[in-house]
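Data file: query01.cif. Format and content: mmCIF, N, CA and C atoms.
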```cif
data_protein
#
loop_
_atom_site.label_atom_id
_atom_site.label_comp_id
_atom_site.auth_asym_id
_atom_site.auth_seq_id
_atom_site.Cartn_x
_atom_site.Cartn_y
_atom_site.Cartn_z
N MET O 1 4.09 21.11 7.01
CA MET O 1 3.88 21.08 5.58
C MET O 1 2.79 22.08 5.24
N GLY O 2 3.12 23.29 5.10
CA GLY O 2 2.24 24.41 4.83
C GLY O 2 0.85 24.10 4.36
N ASN O 3 0.69 23.77 3.10
CA ASN O 3 -0.62 23.52 2.52
C ASN O 3 -0.88 22.02 2.39
N SER O 4 -0.72 21.30 3.50
CA SER O 4 -0.89 19.85 3.45
C SER O 4 -2.36 19.49 3.22
N THR O 5 -2.55 18.30 2.75
CA THR O 5 -3.89 17.78 2.55
C THR O 5 -4.02 16.49 3.34
N ILE O 6 -5.25 16.10 3.57
CA ILE O 6 -5.50 14.85 4.26
C ILE O 6 -5.19 13.73 3.28
N CYS O 7 -4.46 12.75 3.73
CA CYS O 7 -4.06 11.65 2.87
C CYS O 7 -4.34 10.33 3.57
N SER O 8 -4.84 9.38 2.83
CA SER O 8 -4.98 8.03 3.37
C SER O 8 -4.37 7.06 2.38
N GLN O 9 -3.88 5.97 2.89
CA GLN O 9 -3.21 4.99 2.04
C GLN O 9 -3.53 3.60 2.57
N ILE O 10 -3.99 2.74 1.71
CA ILE O 10 -4.21 1.35 2.06
C ILE O 10 -2.97 0.58 1.63
N ILE O 11 -2.41 -0.16 2.55
CA ILE O 11 -1.16 -0.88 2.29
C ILE O 11 -1.43 -2.38 2.35
N TYR O 12 -1.04 -3.06 1.30
CA TYR O 12 -1.09 -4.52 1.26
C TYR O 12 0.35 -5.01 1.23
N SER O 13 0.79 -5.67 2.29
CA SER O 13 2.18 -6.08 2.36
C SER O 13 2.37 -7.16 3.42
N ARG O 14 3.37 -7.99 3.21
CA ARG O 14 3.76 -8.96 4.23
C ARG O 14 4.66 -8.30 5.27
N ILE O 15 5.19 -7.13 4.92
CA ILE O 15 6.06 -6.37 5.83
C ILE O 15 5.51 -4.94 5.92
N PRO O 16 4.39 -4.75 6.60
CA PRO O 16 3.75 -3.42 6.61
C PRO O 16 4.62 -2.32 7.22
N GLU O 17 5.47 -2.67 8.19
CA GLU O 17 6.33 -1.64 8.79
C GLU O 17 7.22 -0.99 7.73
N GLN O 18 7.77 -1.79 6.86
CA GLN O 18 8.65 -1.28 5.80
C GLN O 18 7.88 -0.36 4.85
N GLU O 19 6.66 -0.74 4.51
CA GLU O 19 5.84 0.08 3.62
C GLU O 19 5.39 1.37 4.31
N LEU O 20 5.06 1.28 5.58
CA LEU O 20 4.65 2.47 6.33
C LEU O 20 5.77 3.49 6.42
N LEU O 21 6.99 3.02 6.59
CA LEU O 21 8.13 3.94 6.71
C LEU O 21 8.24 4.86 5.50
N LYS O 22 7.93 4.36 4.31
CA LYS O 22 8.00 5.18 3.10
C LYS O 22 7.09 6.40 3.20
N TRP O 23 5.98 6.25 3.92
CA TRP O 23 5.02 7.34 4.05
C TRP O 23 5.30 8.21 5.26
N ILE O 24 5.54 7.60 6.40
CA ILE O 24 5.65 8.40 7.62
C ILE O 24 6.95 9.19 7.71
N GLU O 25 7.99 8.77 7.01
CA GLU O 25 9.25 9.51 7.05
C GLU O 25 9.13 10.88 6.38
N LYS O 26 8.07 11.10 5.63
CA LYS O 26 7.85 12.38 4.97
C LYS O 26 7.35 13.45 5.93
N TYR O 27 6.90 13.03 7.12
CA TYR O 27 6.24 13.94 8.05
C TYR O 27 7.00 14.04 9.36
N THR O 28 6.82 15.16 10.03
CA THR O 28 7.39 15.38 11.34
C THR O 28 6.78 14.39 12.33
N THR O 29 7.60 13.91 13.26
CA THR O 29 7.10 13.01 14.30
C THR O 29 5.90 13.64 15.00
N GLY O 30 4.86 12.86 15.18
CA GLY O 30 3.66 13.34 15.84
C GLY O 30 2.59 13.85 14.89
N LYS O 31 2.90 13.92 13.60
CA LYS O 31 1.93 14.42 12.62
C LYS O 31 1.16 13.31 11.92
N VAL O 32 1.46 12.06 12.24
CA VAL O 32 0.80 10.92 11.59
C VAL O 32 -0.01 10.16 12.63
N PHE O 33 -1.22 9.78 12.25
CA PHE O 33 -2.00 8.92 13.13
C PHE O 33 -2.62 7.80 12.33
N LEU O 34 -2.91 6.72 13.00
CA LEU O 34 -3.54 5.57 12.38
C LEU O 34 -4.92 5.42 13.02
N ALA O 35 -5.94 5.42 12.20
CA ALA O 35 -7.31 5.23 12.70
C ALA O 35 -7.76 3.81 12.37
N THR O 36 -8.27 3.13 13.36
CA THR O 36 -8.77 1.77 13.17
C THR O 36 -9.98 1.57 14.07
N GLU O 37 -10.69 0.50 13.83
CA GLU O 37 -11.82 0.22 14.71
C GLU O 37 -11.43 -0.90 15.67
N ASP O 38 -12.17 -1.04 16.76
CA ASP O 38 -11.73 -1.90 17.85
C ASP O 38 -11.54 -3.37 17.48
N THR O 39 -12.34 -3.91 16.58
CA THR O 39 -12.17 -5.31 16.20
C THR O 39 -10.87 -5.51 15.44
N VAL O 40 -10.59 -4.66 14.47
CA VAL O 40 -9.34 -4.76 13.70
C VAL O 40 -8.15 -4.52 14.61
N ASN O 41 -8.27 -3.57 15.52
CA ASN O 41 -7.18 -3.31 16.46
C ASN O 41 -6.86 -4.56 17.27
N GLU O 42 -7.87 -5.21 17.76
CA GLU O 42 -7.68 -6.40 18.60
C GLU O 42 -7.01 -7.53 17.82
N ILE O 43 -7.43 -7.73 16.56
CA ILE O 43 -6.94 -8.85 15.76
C ILE O 43 -5.57 -8.56 15.15
N TRP O 44 -5.36 -7.35 14.60
CA TRP O 44 -4.15 -7.08 13.82
C TRP O 44 -3.29 -5.93 14.32
N ILE O 45 -3.89 -4.78 14.47
CA ILE O 45 -3.10 -3.56 14.67
C ILE O 45 -2.31 -3.60 15.98
N SER O 46 -2.87 -4.19 17.02
CA SER O 46 -2.16 -4.22 18.31
C SER O 46 -0.81 -4.93 18.20
N LYS O 47 -0.63 -5.77 17.20
CA LYS O 47 0.65 -6.46 16.99
C LYS O 47 1.76 -5.47 16.60
N PHE O 48 1.37 -4.29 16.16
CA PHE O 48 2.33 -3.29 15.70
C PHE O 48 2.46 -2.11 16.67
N ASP O 49 1.94 -2.25 17.88
CA ASP O 49 1.97 -1.14 18.84
C ASP O 49 3.39 -0.64 19.11
N ASP O 50 4.35 -1.56 19.25
CA ASP O 50 5.73 -1.13 19.52
C ASP O 50 6.28 -0.31 18.36
N PHE O 51 6.04 -0.77 17.15
CA PHE O 51 6.50 -0.04 15.96
C PHE O 51 5.85 1.34 15.89
N LEU O 52 4.53 1.39 16.05
CA LEU O 52 3.81 2.66 15.98
C LEU O 52 4.34 3.63 17.02
N GLY O 53 4.49 3.16 18.25
CA GLY O 53 4.99 4.02 19.32
C GLY O 53 6.40 4.51 19.06
N SER O 54 7.25 3.66 18.51
CA SER O 54 8.64 4.06 18.25
C SER O 54 8.74 5.11 17.17
N LYS O 55 7.73 5.22 16.33
CA LYS O 55 7.72 6.20 15.25
C LYS O 55 6.84 7.41 15.57
N GLY O 56 6.31 7.46 16.79
CA GLY O 56 5.48 8.60 17.20
C GLY O 56 4.12 8.64 16.54
N ILE O 57 3.63 7.48 16.11
CA ILE O 57 2.33 7.41 15.44
C ILE O 57 1.25 7.19 16.49
N LYS O 58 0.32 8.11 16.55
CA LYS O 58 -0.80 7.97 17.48
C LYS O 58 -1.83 7.03 16.87
N LYS O 59 -2.32 6.12 17.67
CA LYS O 59 -3.34 5.19 17.22
C LYS O 59 -4.68 5.65 17.79
N VAL O 60 -5.67 5.80 16.92
CA VAL O 60 -7.01 6.17 17.32
C VAL O 60 -7.91 4.97 17.05
N VAL O 61 -8.51 4.43 18.11
CA VAL O 61 -9.37 3.27 17.98
C VAL O 61 -10.81 3.72 18.18
N ILE O 62 -11.61 3.52 17.14
CA ILE O 62 -13.03 3.90 17.21
C ILE O 62 -13.87 2.64 17.37
N PRO O 63 -15.05 2.77 17.94
CA PRO O 63 -15.92 1.61 18.08
C PRO O 63 -16.33 1.05 16.71
N ALA O 64 -16.54 -0.26 16.66
CA ALA O 64 -16.99 -0.90 15.42
C ALA O 64 -18.35 -0.34 15.03
N GLY O 65 -18.63 -0.38 13.74
CA GLY O 65 -19.92 0.10 13.23
C GLY O 65 -19.72 1.22 12.23
N GLU O 66 -20.49 1.16 11.17
CA GLU O 66 -20.35 2.14 10.09
C GLU O 66 -20.57 3.58 10.55
N ASN O 67 -21.46 3.79 11.47
CA ASN O 67 -21.76 5.15 11.94
C ASN O 67 -20.54 5.80 12.61
N ASN O 68 -19.67 4.98 13.18
CA ASN O 68 -18.49 5.51 13.87
C ASN O 68 -17.32 5.78 12.93
N LYS O 69 -17.46 5.42 11.67
CA LYS O 69 -16.35 5.57 10.73
C LYS O 69 -16.41 6.87 9.93
N LYS O 70 -17.20 7.80 10.37
CA LYS O 70 -17.27 9.11 9.74
C LYS O 70 -16.12 9.96 10.25
N ILE O 71 -15.66 10.89 9.44
CA ILE O 71 -14.54 11.76 9.82
C ILE O 71 -14.85 12.52 11.11
N GLU O 72 -16.11 12.84 11.33
CA GLU O 72 -16.49 13.54 12.56
C GLU O 72 -16.22 12.68 13.80
N SER O 73 -16.45 11.37 13.67
CA SER O 73 -16.19 10.47 14.80
C SER O 73 -14.70 10.35 15.08
N VAL O 74 -13.91 10.27 14.03
CA VAL O 74 -12.46 10.20 14.21
C VAL O 74 -11.98 11.50 14.83
N ALA O 75 -12.46 12.63 14.35
CA ALA O 75 -12.06 13.92 14.89
C ALA O 75 -12.42 14.02 16.38
N LYS O 76 -13.58 13.53 16.72
CA LYS O 76 -14.01 13.55 18.13
C LYS O 76 -13.05 12.75 18.99
N ASN O 77 -12.61 11.59 18.51
CA ASN O 77 -11.67 10.77 19.25
C ASN O 77 -10.31 11.43 19.37
N LEU O 78 -9.96 12.28 18.42
CA LEU O 78 -8.70 13.02 18.47
C LEU O 78 -8.81 14.31 19.27
N GLY O 79 -10.04 14.67 19.64
CA GLY O 79 -10.25 15.91 20.37
C GLY O 79 -10.25 17.13 19.47
N ILE O 80 -10.61 16.94 18.20
CA ILE O 80 -10.65 18.04 17.23
C ILE O 80 -12.11 18.41 16.98
N SER O 81 -12.37 19.70 16.92
CA SER O 81 -13.72 20.12 16.56
C SER O 81 -13.67 20.94 15.27
N PHE O 82 -14.71 20.80 14.48
CA PHE O 82 -14.79 21.52 13.19
C PHE O 82 -15.54 22.81 13.37
#
```
Conversion result in structure tokens:
Amino acid sequence: MGNSTICSQIIYSRIPEQELLKWIEKYTTGKVFLATEDTVNEIWISKFDDFLGSKGIKKVVIPAGENNKKIESVAKNLGISF
């Protein structure tokens, strides 16, 4: 997507897979990632690992704590440098 921009979306749904499909189908496989922190991953996100993997969505799990939720921390976990 030539001039793409960074996009984030908060989804409130009883069927999150269905809502996610509306967004991820717009992008080439491998171009979407989900960033979460380790506590949320343990409680909720890990329940969707099969779905995420089947759609080529990379999951990035960062340590809990506000300092780790900066874009620089997420980039570091993805192996991206600015």
Secondary structure check, strand (DSSP E or B) residues of chain O, as a short mmCIF file (atom, residue, chain, number, x, y, z; two decimals) with N, CA and C atoms, keeping the file's coordinate frame:
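As written to disk, selection23.cif reads:
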```
data_model
loop_
_atom_site.label_atom_id
_atom_site.label_comp_id
_atom_site.auth_asym_id
_atom_site.auth_seq_id
_atom_site.Cartn_x
_atom_site.Cartn_y
_atom_site.Cartn_z
N PHE O 33 -1.22 9.78 12.25
CA PHE O 33 -2.00 8.92 13.13
C PHE O 33 -2.62 7.80 12.33
N LEU O 34 -2.91 6.72 13.00
CA LEU O 34 -3.54 5.57 12.38
C LEU O 34 -4.92 5.42 13.02
N ALA O 35 -5.94 5.42 12.20
CA ALA O 35 -7.31 5.23 12.70
C ALA O 35 -7.76 3.81 12.37
N THR O 36 -8.27 3.13 13.36
CA THR O 36 -8.77 1.77 13.17
C THR O 36 -9.98 1.57 14.07
N GLU O 37 -10.69 0.50 13.83
CA GLU O 37 -11.82 0.22 14.71
C GLU O 37 -11.43 -0.90 15.67
N LYS O 58 0.32 8.11 16.55
CA LYS O 58 -0.80 7.97 17.48
C LYS O 58 -1.83 7.03 16.87
N LYS O 59 -2.32 6.12 17.67
CA LYS O 59 -3.34 5.19 17.22
C LYS O 59 -4.68 5.65 17.79
N VAL O 60 -5.67 5.80 16.92
CA VAL O 60 -7.01 6.17 17.32
C VAL O 60 -7.91 4.97 17.05
N VAL O 61 -8.51 4.43 18.11
CA VAL O 61 -9.37 3.27 17.98
C VAL O 61 -10.81 3.72 18.18
N ILE O 62 -11.61 3.52 17.14
CA ILE O 62 -13.03 3.90 17.21
C ILE O 62 -13.87 2.64 17.37
#
```
Across O:Leu52, O:Ile15, O:Ala75, O:Val61, the smallest distance to Ala35 (chain O), with only C-alpha atoms counted, is shown by O:Val61
Check your understanding: as a ChimeraX atom specification, which residues of chain O does DSSP assign to helix (DSSP H, G or I)?
Key -> /O:16-24,38-43,45-54,66-69,71-78
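For the atom pair formed by atom C of Lys31 (chain O) and atom C of Gly65 (chain O), the distance is 24.1 Å, given to one decimal.
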- [ ] On this file, the PyMOL selection byres (((chain O and resi 59 and name CA) around 10) and name CA) gives some set of residues; write that set as a VMD selection string.
- [x] chain O and resid 32 to 36 41 45 to 46 49 52 to 53 56 to 58 60 to 62 78
